[in-house]
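Structure below is final-v1.tsv: TSV, C-alpha atoms and all ligand atoms.
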chain	number	residue	atom	x	y	z
A	265	MET	CA	-6.65	19.05	-3.25
A	266	SER	CA	-10.19	17.96	-2.58
A	267	THR	CA	-10.57	15.52	0.31
A	268	MET	CA	-13.54	13.96	-1.56
A	269	THR	CA	-11.19	11.39	-3.05
A	270	LEU	CA	-9.84	10.21	0.32
A	271	PRO	CA	-11.25	7.12	2.08
A	272	ARG	CA	-14.02	8.39	4.41
A	273	HIS	CA	-13.62	5.79	7.16
A	274	ILE	CA	-10.23	5.20	8.69
A	275	LYS	CA	-9.23	2.31	10.92
A	276	LEU	CA	-6.65	3.43	13.45
A	277	VAL	CA	-4.63	0.64	15.03
A	278	GLU	CA	-3.26	1.77	18.38
A	279	VAL	CA	0.16	0.14	18.73
A	280	GLY	CA	1.52	2.04	21.75
A	281	PRO	CA	1.10	-0.80	24.27
A	282	ARG	CA	3.24	-3.06	22.06
A	283	ASP	CA	5.43	-1.08	19.65
A	284	GLY	CA	5.71	1.77	22.14
A	285	LEU	CA	6.31	-0.01	25.40
A	286	GLN	CA	8.52	-2.80	23.96
A	287	ASN	CA	11.31	-0.26	23.75
A	288	GLU	CA	11.20	0.93	27.38
A	289	ALA	CA	14.39	-0.06	29.19
A	290	ASN	CA	12.80	0.09	32.66
A	291	PRO	CA	10.08	-2.45	33.40
A	292	VAL	CA	6.62	-0.91	33.04
A	293	PRO	CA	4.34	-2.21	35.82
A	294	LEU	CA	1.62	-4.60	34.72
A	295	ALA	CA	-1.08	-2.36	36.21
A	296	VAL	CA	0.12	0.57	34.09
A	297	LYS	CA	0.05	-1.49	30.89
A	298	VAL	CA	-3.45	-2.71	31.70
A	299	GLU	CA	-4.76	0.76	32.52
A	300	LEU	CA	-3.28	2.10	29.28
A	301	ILE	CA	-4.99	-0.59	27.19
A	302	ASP	CA	-8.29	-0.13	29.04
A	303	ARG	CA	-8.19	3.61	28.43
A	304	LEU	CA	-7.46	3.03	24.73
A	305	SER	CA	-10.32	0.54	24.42
A	306	ALA	CA	-12.67	3.03	26.05
A	307	ALA	CA	-11.46	5.73	23.65
A	308	GLY	CA	-13.00	3.73	20.81
A	309	PHE	CA	-10.15	2.05	18.92
A	310	ALA	CA	-11.33	-0.86	16.80
A	311	ASN	CA	-7.89	-2.42	17.14
A	312	VAL	CA	-5.31	-2.28	19.92
A	313	GLU	CA	-1.98	-4.06	19.55
A	314	ALA	CA	-1.70	-5.21	23.13
A	315	ALA	CA	1.00	-7.88	23.37
A	316	ALA	CA	3.93	-9.73	21.81
A	317	PHE	CA	4.55	-13.41	22.45
A	318	VAL	CA	8.22	-13.25	21.50
A	319	SER	CA	11.35	-14.49	23.19
A	320	PRO	CA	11.73	-12.65	26.53
A	321	LYS	CA	15.49	-12.72	25.94
A	322	TRP	CA	15.01	-10.65	22.83
A	323	VAL	CA	12.33	-8.27	24.15
A	324	PRO	CA	12.12	-8.46	27.96
A	325	GLN	CA	9.47	-5.74	28.23
A	326	MET	CA	6.87	-7.99	26.54
A	327	ALA	CA	7.50	-10.96	28.86
A	328	ASP	CA	4.28	-10.34	30.82
A	329	SER	CA	2.05	-10.37	27.72
A	330	ALA	CA	-0.09	-13.26	29.00
A	331	GLN	CA	-0.77	-11.42	32.28
A	332	VAL	CA	-1.61	-8.25	30.38
A	333	MET	CA	-4.10	-10.07	28.15
A	334	ALA	CA	-5.68	-11.75	31.17
A	335	ALA	CA	-6.12	-8.51	33.11
A	336	ILE	CA	-7.48	-6.11	30.47
A	337	ARG	CA	-11.17	-5.30	30.26
A	338	ARG	CA	-12.28	-6.56	26.84
A	339	HIS	CA	-14.25	-3.99	24.94
A	340	PRO	CA	-16.82	-5.63	22.66
A	341	GLY	CA	-15.88	-3.51	19.62
A	342	THR	CA	-12.13	-3.90	19.98
A	343	THR	CA	-9.80	-6.41	18.33
A	344	TYR	CA	-6.79	-7.18	20.54
A	345	SER	CA	-3.71	-8.13	18.53
A	346	ALA	CA	-0.50	-9.88	19.49
A	347	LEU	CA	2.79	-10.41	17.68
A	348	VAL	CA	3.84	-14.03	17.17
A	349	PRO	CA	7.21	-14.92	15.64
A	350	ASN	CA	6.67	-18.71	15.61
A	351	LEU	CA	4.35	-21.55	16.70
A	352	LYS	CA	5.38	-21.17	20.33
A	353	GLY	CA	4.24	-17.55	20.20
A	354	LEU	CA	1.02	-18.48	18.44
A	355	GLU	CA	0.11	-21.06	21.06
A	356	ALA	CA	0.69	-18.51	23.81
A	357	ALA	CA	-1.34	-15.87	21.95
A	358	LEU	CA	-4.26	-18.25	21.42
A	359	GLY	CA	-4.09	-19.29	25.08
A	360	ALA	CA	-4.27	-15.61	26.04
A	361	GLY	CA	-7.31	-15.00	23.83
A	362	ALA	CA	-5.77	-12.75	21.16
A	363	ASP	CA	-8.31	-11.88	18.44
A	364	GLU	CA	-5.63	-11.28	15.83
A	365	VAL	CA	-2.07	-12.51	15.53
A	366	VAL	CA	0.69	-10.69	13.71
A	367	VAL	CA	3.55	-12.41	11.92
A	368	PHE	CA	6.43	-10.13	11.07
A	369	SER	CA	9.21	-10.13	8.57
A	370	ALA	CA	11.05	-7.48	6.57
A	371	ALA	CA	11.70	-6.26	3.06
A	372	SER	CA	15.39	-6.27	3.92
A	373	GLU	CA	17.38	-9.45	4.60
A	374	ALA	CA	19.76	-7.69	6.97
A	375	PHE	CA	16.93	-6.46	9.20
A	376	ALA	CA	15.13	-9.83	9.23
A	377	ARG	CA	18.35	-11.41	10.44
A	378	ARG	CA	18.75	-8.86	13.26
A	379	ASN	CA	15.09	-8.82	14.34
A	380	ILE	CA	14.00	-12.44	14.02
A	381	ASN	CA	17.32	-14.20	13.51
A	382	CYS	CA	16.53	-15.75	10.12
A	383	SER	CA	16.23	-14.91	6.43
A	384	ILE	CA	13.01	-13.58	4.88
A	385	ALA	CA	12.39	-16.94	3.17
A	386	GLU	CA	13.00	-18.84	6.42
A	387	SER	CA	10.60	-16.52	8.25
A	388	ILE	CA	7.85	-17.20	5.71
A	389	ALA	CA	8.45	-20.96	5.98
A	390	ARG	CA	8.22	-20.62	9.77
A	391	PHE	CA	4.96	-18.68	9.43
A	392	GLU	CA	3.24	-21.34	7.29
A	393	PRO	CA	2.23	-23.60	10.21
A	394	VAL	CA	1.54	-20.47	12.29
A	395	ALA	CA	-0.86	-19.18	9.63
A	396	GLN	CA	-2.60	-22.55	9.29
A	397	ALA	CA	-3.06	-22.87	13.04
A	398	ALA	CA	-4.29	-19.28	13.32
A	399	LYS	CA	-6.88	-19.91	10.59
A	400	ALA	CA	-7.93	-23.18	12.21
A	401	ALA	CA	-8.44	-21.32	15.50
A	402	GLY	CA	-10.53	-18.67	13.73
A	403	VAL	CA	-8.36	-15.68	14.61
A	404	ARG	CA	-7.41	-12.92	12.18
A	405	LEU	CA	-3.96	-13.03	10.65
A	406	ARG	CA	-1.95	-9.91	9.94
A	407	GLY	CA	1.48	-9.68	8.33
A	408	SER	CA	3.90	-6.87	9.05
A	409	ILE	CA	6.74	-5.88	6.70
A	410	SER	CA	9.54	-3.92	8.34
A	411	CYS	CA	11.94	-1.64	6.47
A	412	ALA	CA	9.55	-1.17	3.54
A	413	LEU	CA	10.91	2.34	3.01
A	414	GLY	CA	14.53	1.88	4.01
A	415	CYS	CA	16.75	-0.24	6.21
A	416	PRO	CA	19.26	0.79	8.88
A	417	TYR	CA	21.70	-1.89	7.71
A	418	GLN	CA	21.04	-2.12	3.99
A	419	GLY	CA	19.94	1.44	3.09
A	420	GLU	CA	17.71	1.59	-0.02
A	421	VAL	CA	14.91	-0.95	-0.26
A	422	PRO	CA	13.35	-1.19	-3.73
A	423	PRO	CA	9.51	-1.31	-3.93
A	424	ALA	CA	9.86	-4.63	-5.80
A	425	ALA	CA	11.37	-6.16	-2.63
A	426	VAL	CA	8.33	-5.00	-0.64
A	427	VAL	CA	5.96	-6.41	-3.27
A	428	GLU	CA	7.70	-9.78	-3.06
A	429	VAL	CA	7.09	-10.01	0.70
A	430	VAL	CA	3.51	-8.79	0.24
A	431	GLN	CA	2.94	-11.65	-2.21
A	432	ARG	CA	4.41	-14.16	0.22
A	433	MET	CA	2.26	-12.85	3.06
A	434	ALA	CA	-0.83	-12.87	0.84
A	435	ALA	CA	-0.08	-16.52	0.01
A	436	LEU	CA	0.03	-17.27	3.76
A	437	GLY	CA	-3.56	-16.03	3.95
A	438	CYS	CA	-2.97	-12.73	5.73
A	439	ASP	CA	-6.17	-10.74	6.18
A	440	GLU	CA	-4.22	-7.51	6.45
A	441	ILE	CA	-0.66	-6.48	5.60
A	442	ASP	CA	1.32	-3.66	7.21
A	443	ILE	CA	3.79	-1.61	5.22
A	444	ALA	CA	6.17	-0.40	7.91
A	445	ASP	CA	8.67	2.42	7.83
A	446	THR	CA	10.65	1.11	10.79
A	447	ILE	CA	13.22	3.91	10.82
A	448	GLY	CA	11.01	6.72	9.52
A	449	VAL	CA	13.13	7.57	6.49
A	450	GLY	CA	10.33	7.52	3.92
A	451	THR	CA	9.04	10.65	2.22
A	452	PRO	CA	5.58	11.13	0.65
A	453	GLY	CA	6.51	10.46	-2.99
A	454	ARG	CA	8.29	7.28	-2.04
A	455	VAL	CA	5.36	6.17	0.13
A	456	GLN	CA	3.00	6.60	-2.83
A	457	ALA	CA	5.35	4.67	-5.12
A	458	VAL	CA	5.46	1.77	-2.65
A	459	PHE	CA	1.67	1.64	-2.16
A	460	GLU	CA	1.07	1.94	-5.90
A	461	ALA	CA	3.34	-1.09	-6.36
A	462	THR	CA	1.91	-3.15	-3.49
A	463	SER	CA	-1.70	-2.37	-4.46
A	464	ARG	CA	-1.14	-4.41	-7.60
A	465	ALA	CA	-0.35	-7.44	-5.42
A	466	PHE	CA	-2.89	-7.15	-2.56
A	467	PRO	CA	-6.10	-5.12	-2.04
A	468	ILE	CA	-5.21	-1.63	-0.87
A	469	GLU	CA	-8.21	-1.66	1.54
A	470	ARG	CA	-6.41	-4.37	3.50
A	471	GLN	CA	-3.00	-2.72	3.65
A	472	SER	CA	-1.94	-0.40	6.42
A	473	GLY	CA	0.64	2.32	6.87
A	474	HIS	CA	2.90	1.91	9.93
A	475	PHE	CA	5.09	4.97	10.11
A	476	HIS	CA	7.74	5.76	12.68
A	477	ASP	CA	8.38	9.48	12.93
A	478	THR	CA	12.17	9.59	13.19
A	479	TYR	CA	12.58	12.13	10.38
A	480	GLY	CA	9.34	14.01	11.06
A	481	GLN	CA	7.73	12.66	7.87
A	482	ALA	CA	5.01	10.46	9.29
A	483	LEU	CA	1.98	12.79	9.04
A	484	ALA	CA	2.94	13.78	5.51
A	485	ASN	CA	3.40	10.11	4.69
A	486	ILE	CA	-0.04	9.28	6.05
A	487	PHE	CA	-1.59	12.02	3.94
A	488	ALA	CA	0.28	10.69	0.90
A	489	ALA	CA	-0.87	7.14	1.64
A	490	LEU	CA	-4.49	8.31	2.06
A	491	GLN	CA	-4.31	9.65	-1.48
A	492	THR	CA	-3.40	6.18	-2.76
A	493	GLY	CA	-6.48	4.72	-1.01
A	494	VAL	CA	-4.91	3.41	2.21
A	495	SER	CA	-7.46	3.57	5.03
A	496	ILE	CA	-5.71	1.74	7.89
A	497	PHE	CA	-2.97	3.44	9.90
A	498	HIS	CA	-0.96	2.50	12.94
A	499	ALA	CA	-0.08	5.06	15.58
A	500	SER	CA	1.25	5.13	19.10
A	501	VAL	CA	-0.32	7.19	21.88
A	502	ALA	CA	2.01	9.98	23.05
A	503	GLY	CA	4.40	8.86	20.28
A	504	LEU	CA	5.72	6.11	22.57
A	505	GLY	CA	8.47	3.85	21.44
A	506	GLY	CA	11.17	3.04	18.97
A	507	CYS	CA	12.54	-0.28	17.83
A	508	PRO	CA	15.08	-2.33	19.79
A	509	TYR	CA	16.65	-3.56	16.53
A	510	ALA	CA	16.82	-0.18	14.76
A	511	LYS	CA	19.13	2.09	16.74
A	512	GLY	CA	18.02	5.71	16.91
A	513	ALA	CA	14.54	4.97	15.52
A	514	THR	CA	11.88	6.94	17.39
A	515	GLY	CA	8.35	5.90	18.16
A	516	ASN	CA	5.48	5.61	15.77
A	517	VAL	CA	3.71	8.77	14.80
A	518	ALA	CA	1.68	10.00	17.80
A	519	THR	CA	-1.94	8.88	17.65
A	520	GLU	CA	-3.22	12.23	18.91
A	521	ASP	CA	-1.50	14.04	16.00
A	522	VAL	CA	-2.93	11.61	13.45
A	523	LEU	CA	-6.43	11.94	14.92
A	524	TYR	CA	-6.21	15.72	14.93
A	525	MET	CA	-5.25	15.68	11.24
A	526	LEU	CA	-7.92	13.14	10.25
A	527	GLN	CA	-10.61	15.08	12.12
A	528	GLY	CA	-9.49	18.23	10.33
A	529	LEU	CA	-9.91	16.40	7.03
A	530	GLY	CA	-13.42	15.38	8.06
A	531	LEU	CA	-12.55	11.66	8.05
A	532	HIS	CA	-14.27	9.30	10.46
A	533	THR	CA	-12.32	7.12	12.94
A	534	GLY	CA	-14.77	6.45	15.78
A	535	VAL	CA	-12.05	7.42	18.26
A	536	ASP	CA	-12.47	10.11	20.93
A	537	LEU	CA	-9.51	12.53	20.68
A	538	ARG	CA	-9.90	13.81	24.24
A	539	ALA	CA	-9.81	10.30	25.70
A	540	VAL	CA	-6.66	9.50	23.71
A	541	ILE	CA	-4.98	12.70	24.88
A	542	GLU	CA	-5.80	11.79	28.47
A	543	ALA	CA	-4.40	8.27	27.91
A	544	GLY	CA	-1.23	9.86	26.45
A	545	ASP	CA	-0.90	12.10	29.49
A	546	PHE	CA	-1.44	9.11	31.78
A	547	ILE	CA	1.24	6.91	30.18
A	548	SER	CA	3.81	9.70	29.80
A	549	ARG	CA	3.52	10.57	33.50
A	550	SER	CA	3.46	6.91	34.55
A	551	ILE	CA	6.74	6.05	32.81
A	552	GLY	CA	8.32	9.47	33.36
A	553	ARG	CA	8.74	10.37	29.69
A	554	PRO	CA	7.97	13.58	27.84
A	555	ASN	CA	4.72	13.41	25.89
A	556	ASN	CA	5.77	13.23	22.23
A	557	SER	CA	2.41	14.22	20.79
A	558	ARG	CA	2.40	17.84	19.60
A	559	ALA	CA	-1.41	17.97	19.43
A	560	GLY	CA	-1.64	16.25	22.82
A	561	ARG	CA	0.67	18.77	24.49
A	562	ALA	CA	-1.04	21.74	22.83
A	563	LEU	CA	-4.55	20.66	23.79
A	564	LEU	CA	-3.55	19.71	27.34
A	565	THR	CA	-2.10	23.21	27.79
A	566	THR	CA	-5.27	24.80	26.36
A	567	TRP	CA	-7.52	22.75	28.63
A	568	GLN	CA	-5.38	23.49	31.70
A	569	SER	CA	-5.44	27.24	31.07
A	570	THR	CA	-9.21	27.16	30.42
A	571	ALA	CA	-9.72	25.18	33.64
A	572	SER	CA	-7.60	27.62	35.66
A	573	LYS	CA	-9.49	30.61	34.19
A	574	VAL	CA	-12.82	28.95	35.07
A	575	GLY	CA	-11.42	28.14	38.52
A	576	SER	CA	-10.34	31.73	39.19
A	577	THR	CA	-13.67	33.13	37.89
A	578	GLN	CA	-15.52	30.77	40.22
A	579	ALA	CA	-13.25	31.79	43.12
A	580	GLN	CA	-13.92	35.48	42.37
A	581	ALA	CA	-17.68	34.88	42.20
A	582	ALA	CA	-17.60	33.04	45.53
A	583	ALA	CA	-15.53	35.80	47.21
B	1	LIG	P1	16.15	-17.52	18.33
B	1	LIG	O1	17.06	-17.20	19.47
B	1	LIG	O2	16.74	-17.61	16.97
B	1	LIG	O3	15.21	-18.77	18.52
B	1	LIG	O4	15.03	-16.41	18.33
B	1	LIG	P2	15.19	-20.07	19.34
B	1	LIG	O5	14.07	-20.88	18.75
B	1	LIG	O6	16.57	-20.66	19.37
B	1	LIG	O7	14.75	-19.63	20.81
B	1	LIG	C1	15.61	-19.01	21.71
B	1	LIG	C2	14.95	-18.95	23.08
B	1	LIG	O8	13.75	-18.20	22.99
B	1	LIG	C3	14.51	-20.33	23.58
B	1	LIG	O9	14.59	-20.28	24.99
B	1	LIG	C4	13.06	-20.40	23.18
B	1	LIG	O10	12.30	-21.26	23.98
B	1	LIG	C5	12.62	-18.99	23.36
B	1	LIG	P3	15.74	-21.08	25.77
B	1	LIG	O11	15.58	-22.50	25.36
B	1	LIG	O12	17.03	-20.47	25.30
B	1	LIG	O13	15.42	-20.80	27.23
B	1	LIG	N1	11.49	-18.64	22.50
B	1	LIG	C6	10.36	-18.05	22.92
B	1	LIG	N2	9.95	-17.66	24.15
B	1	LIG	C7	8.73	-17.11	24.23
B	1	LIG	N3	7.94	-16.91	23.17
B	1	LIG	C8	8.31	-17.28	21.93
B	1	LIG	C9	9.58	-17.88	21.79
B	1	LIG	N4	10.24	-18.37	20.72
B	1	LIG	C10	11.42	-18.83	21.17
B	1	LIG	N5	7.51	-17.08	20.90
B	1	LIG	C11	12.88	-15.49	17.75
B	1	LIG	C12	14.06	-16.34	17.30
B	1	LIG	C13	12.03	-15.22	16.54
B	1	LIG	C14	12.10	-16.27	18.80
B	1	LIG	C15	13.46	-14.20	18.36
B	1	LIG	O14	14.30	-13.61	17.43
B	1	LIG	C16	12.37	-13.23	18.74
B	1	LIG	O15	11.58	-13.47	19.63
B	1	LIG	N6	12.35	-12.08	18.06
B	1	LIG	C17	11.35	-11.06	18.32
B	1	LIG	C18	11.92	-9.71	18.05
B	1	LIG	C19	10.86	-8.68	18.33
B	1	LIG	O16	9.90	-8.91	19.04
B	1	LIG	N7	11.10	-7.50	17.76
B	1	LIG	C20	10.21	-6.39	17.95
B	1	LIG	C21	8.88	-6.56	17.27
B	1	LIG	S1	8.93	-6.31	15.53
B	1	LIG	C22	8.75	-4.61	15.35
B	1	LIG	O17	8.75	-3.88	16.32
B	1	LIG	C23	8.53	-4.08	13.96
B	1	LIG	C24	7.09	-3.63	13.72
B	1	LIG	O18	6.69	-2.65	14.65
B	1	LIG	C25	7.00	-3.04	12.30
B	1	LIG	C26	8.09	-1.97	12.06
B	1	LIG	O19	8.02	-0.89	12.66
B	1	LIG	O20	9.00	-2.30	11.33
B	1	LIG	C27	6.12	-4.82	13.80
B	2	MG	MG	7.11	-0.51	14.50

In structure tokens, what does this structure look like?
Ligand code: HMG
Ligand code: MG
Amino acid sequence: MSTMTLPRHIKLVEVGPRDGLQNEANPVPLAVKVELIDRLSAAGFANVEAAAFVSPKWVPQMADSAQVMAAIRRHPGTTYSALVPNLKGLEAALGAGADEVVVFSAASEAFARRNINCSIAESIARFEPVAQAAKAAGVRLRGSISCALGCPYQGEVPPAAVVEVVQRMAALGCDEIDIADTIGVGTPGRVQAVFEATSRAFPIERQSGHFHDTYGQALANIFAALQTGVSIFHASVAGLGGCPYAKGATGNVATEDVLYMLQGLGLHTGVDLRAVIEAGDFISRSIGRPNNSRAGRALLTTWQSTASKVGSTQAQAAA
């Protein structure tokens, strides 16, 4: 297939600091979160999902979101996003200087109930004042739709159910809408069917693909989505994360792997792969987790062996 038909410029949204770290059982020190976000900003991401102003009883790891937002070094070209489930969250996000707030619901009733403790319709009603206040404050509004390709409680989710939530989020005034495969069950044909359906309800240029990699389908799904015109993708450095309300779900697709693929396709992201790989190495070591990026691990090994060869050549020359 020719890559001429693919969108040339891709916006990568780095969600590791939020979607990745929210799932860590052990507290991640504030300084580590801040260094991770600063490294990602410096790597050139136009958008970093940095915080979640949600109930600390539901997601304890995000309880220090205000401190994180206060301590990061703001990069002029970077939009810092924060999840907000209600007006209380919005007020906190605005107070912390979030550039974009994210309301989140699901295409499956069962998941909405487990994740935000209400029905889809109730969530949208709750988001109405949130959306109005976000607009009044001049921040961007993004809507995220979980379980768009399958639900851990309900199983099959028809594309029509996703379209319905897209329409509701469009009516709220969302600038961007995320189609999320929370449990990574989607396959490329299904991904295309969903985006073909949702593109009839909301501009495809303002929809994103948010793929968890539980079944190893995420890169293929991104390539499939690219072919339908999607140009915004979410990814998590070092493949951090999972979802506290979707047992067994792994992290988002690793950012390094996505970047490696997009660079190979000749598509432009504005993000420095080496800097992301170094950020992935930093966070994996800091929280004592294996690095889940295949490209990250491969390139780190290559660089280390090159460095040791250069080192031994220099030592020989000096001897
Ligand atoms: P609730 O228990 O039904 O609500 O939770 P409540 O209004 O009765 O509040 C309960 C307590 O939480 C109260 O405290 C509130 O003050 C407090 P108490 O009086 O008991 O001491 N509270 C808050 N505290 C801080 N910030 C807030 C806030 N709101 C209430 N904003 C609620 C309802 C929506 C709040 C709760 O269910 C919640 O916070 N859920 C968030 C779940 C979450 O963050 N999930 C992970 C993110 S979504 C995700 O990862 C999916 C995504 O990646 C896409 C994909 O992959 O699918 C985006
Ligand atoms: Mg997610």

May I ask you to write as JSON, numbers by chain all residues lying at most 7 Å from ligand LIG 1 (chain B), with all atoms listed in the file counted?
{"A": [283, 316, 317, 318, 319, 320, 321, 322, 323, 348, 349, 350, 351, 352, 353, 368, 379, 380, 381, 408, 409, 410, 411, 444, 445, 446, 474, 476, 507, 508, 509]}

Output for the residues just chosen: C-alpha atoms as an mmCIF file, in the coordinates of the input:
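Once written, again_31.cif looks like this:
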data_model
loop_
_atom_site.group_PDB
_atom_site.id
_atom_site.type_symbol
_atom_site.label_atom_id
_atom_site.label_comp_id
_atom_site.auth_asym_id
_atom_site.auth_seq_id
_atom_site.Cartn_x
_atom_site.Cartn_y
_atom_site.Cartn_z
ATOM 1 C CA ASP A 283 5.430 -1.080 19.650
ATOM 2 C CA ALA A 316 3.930 -9.730 21.810
ATOM 3 C CA PHE A 317 4.550 -13.410 22.450
ATOM 4 C CA VAL A 318 8.220 -13.250 21.500
ATOM 5 C CA SER A 319 11.350 -14.490 23.190
ATOM 6 C CA PRO A 320 11.730 -12.650 26.530
ATOM 7 C CA LYS A 321 15.490 -12.720 25.940
ATOM 8 C CA TRP A 322 15.010 -10.650 22.830
ATOM 9 C CA VAL A 323 12.330 -8.270 24.150
ATOM 10 C CA VAL A 348 3.840 -14.030 17.170
ATOM 11 C CA PRO A 349 7.210 -14.920 15.640
ATOM 12 C CA ASN A 350 6.670 -18.710 15.610
ATOM 13 C CA LEU A 351 4.350 -21.550 16.700
ATOM 14 C CA LYS A 352 5.380 -21.170 20.330
ATOM 15 C CA GLY A 353 4.240 -17.550 20.200
ATOM 16 C CA PHE A 368 6.430 -10.130 11.070
ATOM 17 C CA ASN A 379 15.090 -8.820 14.340
ATOM 18 C CA ILE A 380 14.000 -12.440 14.020
ATOM 19 C CA ASN A 381 17.320 -14.200 13.510
ATOM 20 C CA SER A 408 3.900 -6.870 9.050
ATOM 21 C CA ILE A 409 6.740 -5.880 6.700
ATOM 22 C CA SER A 410 9.540 -3.920 8.340
ATOM 23 C CA CYS A 411 11.940 -1.640 6.470
ATOM 24 C CA ALA A 444 6.170 -0.400 7.910
ATOM 25 C CA ASP A 445 8.670 2.420 7.830
ATOM 26 C CA THR A 446 10.650 1.110 10.790
ATOM 27 C CA HIS A 474 2.900 1.910 9.930
ATOM 28 C CA HIS A 476 7.740 5.760 12.680
ATOM 29 C CA CYS A 507 12.540 -0.280 17.830
ATOM 30 C CA PRO A 508 15.080 -2.330 19.790
ATOM 31 C CA TYR A 509 16.650 -3.560 16.530
#

Might you pull out every residue within 12 Å of range 390-394 of chain A, with only C-alpha atoms counted and same-chain residues fewer than 4 positions away left off, and present them as number ranges by chain?
A: 347-358, 365-369, 380-386, 398-401, 403-408, 432-438

At a cut-off of 9 Å, using only C-alpha atoms, what residues contact range 562-572 of chain A? Leave out same-chain residues fewer than 6 positions from it and give the result as a list in words.
Arg538, Ile541, Glu542 and Asp545 of chain A

Quick check, in Å to one decimal: how far apart do CA of Val298 in chain A and CA of Gln331 in chain A lie?
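Interatomic distance, CA of Val298 in chain A to CA of Gln331 in chain A: 9.1 Å.
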
Which residues, written as a PyMOL selection string, have at least one atom at most 12 Å from Arg303 in chain A, with all atoms listed in the file counted and residues fewer than 5 positions away on the same chain left out?
chain A and resi 278+280-281+296-298+308-309+312+336-339+342+501+535-547

Could you work out how far CA of Ala374 in chain A lies from CA of Pro422 in chain A, giving the answer in Å with one decimal?
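According to the coordinates, CA of Pro422 in chain A and CA of Ala374 in chain A are separated by 14.1 Å.
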
Tell me, in Å to one decimal, how far CA of Glu469 in chain A is from CA of Ile447 in chain A.
24.0 Å

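Taking only C-alpha atoms, the non-local environment of Ser472 in chain A within 7 Å (same-chain residues fewer than 2 positions away omitted) comprises Ile441, Asp442, Ile443, Arg470, His474, Val494, Ser495, Ile496 and Phe497 of chain A.
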
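Comparing A:Glu428, A:Glu313, A:Glu460, A:Glu373 by their smallest distance to ligand MG 2 (chain B), the closest is A:Glu313 (using only C-alpha atoms and all ligand atoms).
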
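The shortest atom-to-atom distance to ligand MG 2 (chain B), with only C-alpha atoms and all ligand atoms taken into account, belongs to A:Val279 out of A:Ala330, A:Ala307, A:Ala346, A:Val279.
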
Selection: 9 Å around His273 in chain A, all atoms listed in the file, excl. self and same-chain fewer than 2 positions, as a count of residues only
9

For a quick check of understanding, using only C-alpha atoms and all ligand atoms, which of A:Gly480, A:Gly530, A:Pro467, A:Gly473 has the smallest distance to ligand MG 2 (chain B)?
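Nearest to ligand MG 2 (chain B): A:Gly473.
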
Around (9.4, 8.0, 9.1) in the file's own coordinates, what residues are found within 12 Å if you use all atoms listed in the file, given back as a PyMOL selection string?
chain A and resi 410-415+443-452+454-455+473-486+499+506+512-518

When you count all atoms listed in the file, which of these residues is closest to ligand MG 2 (chain B): A:Ser500, A:Gln418, A:Ser576, A:Gln491?
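Answer, going by the shortest atom-to-atom distance: A:Ser500.
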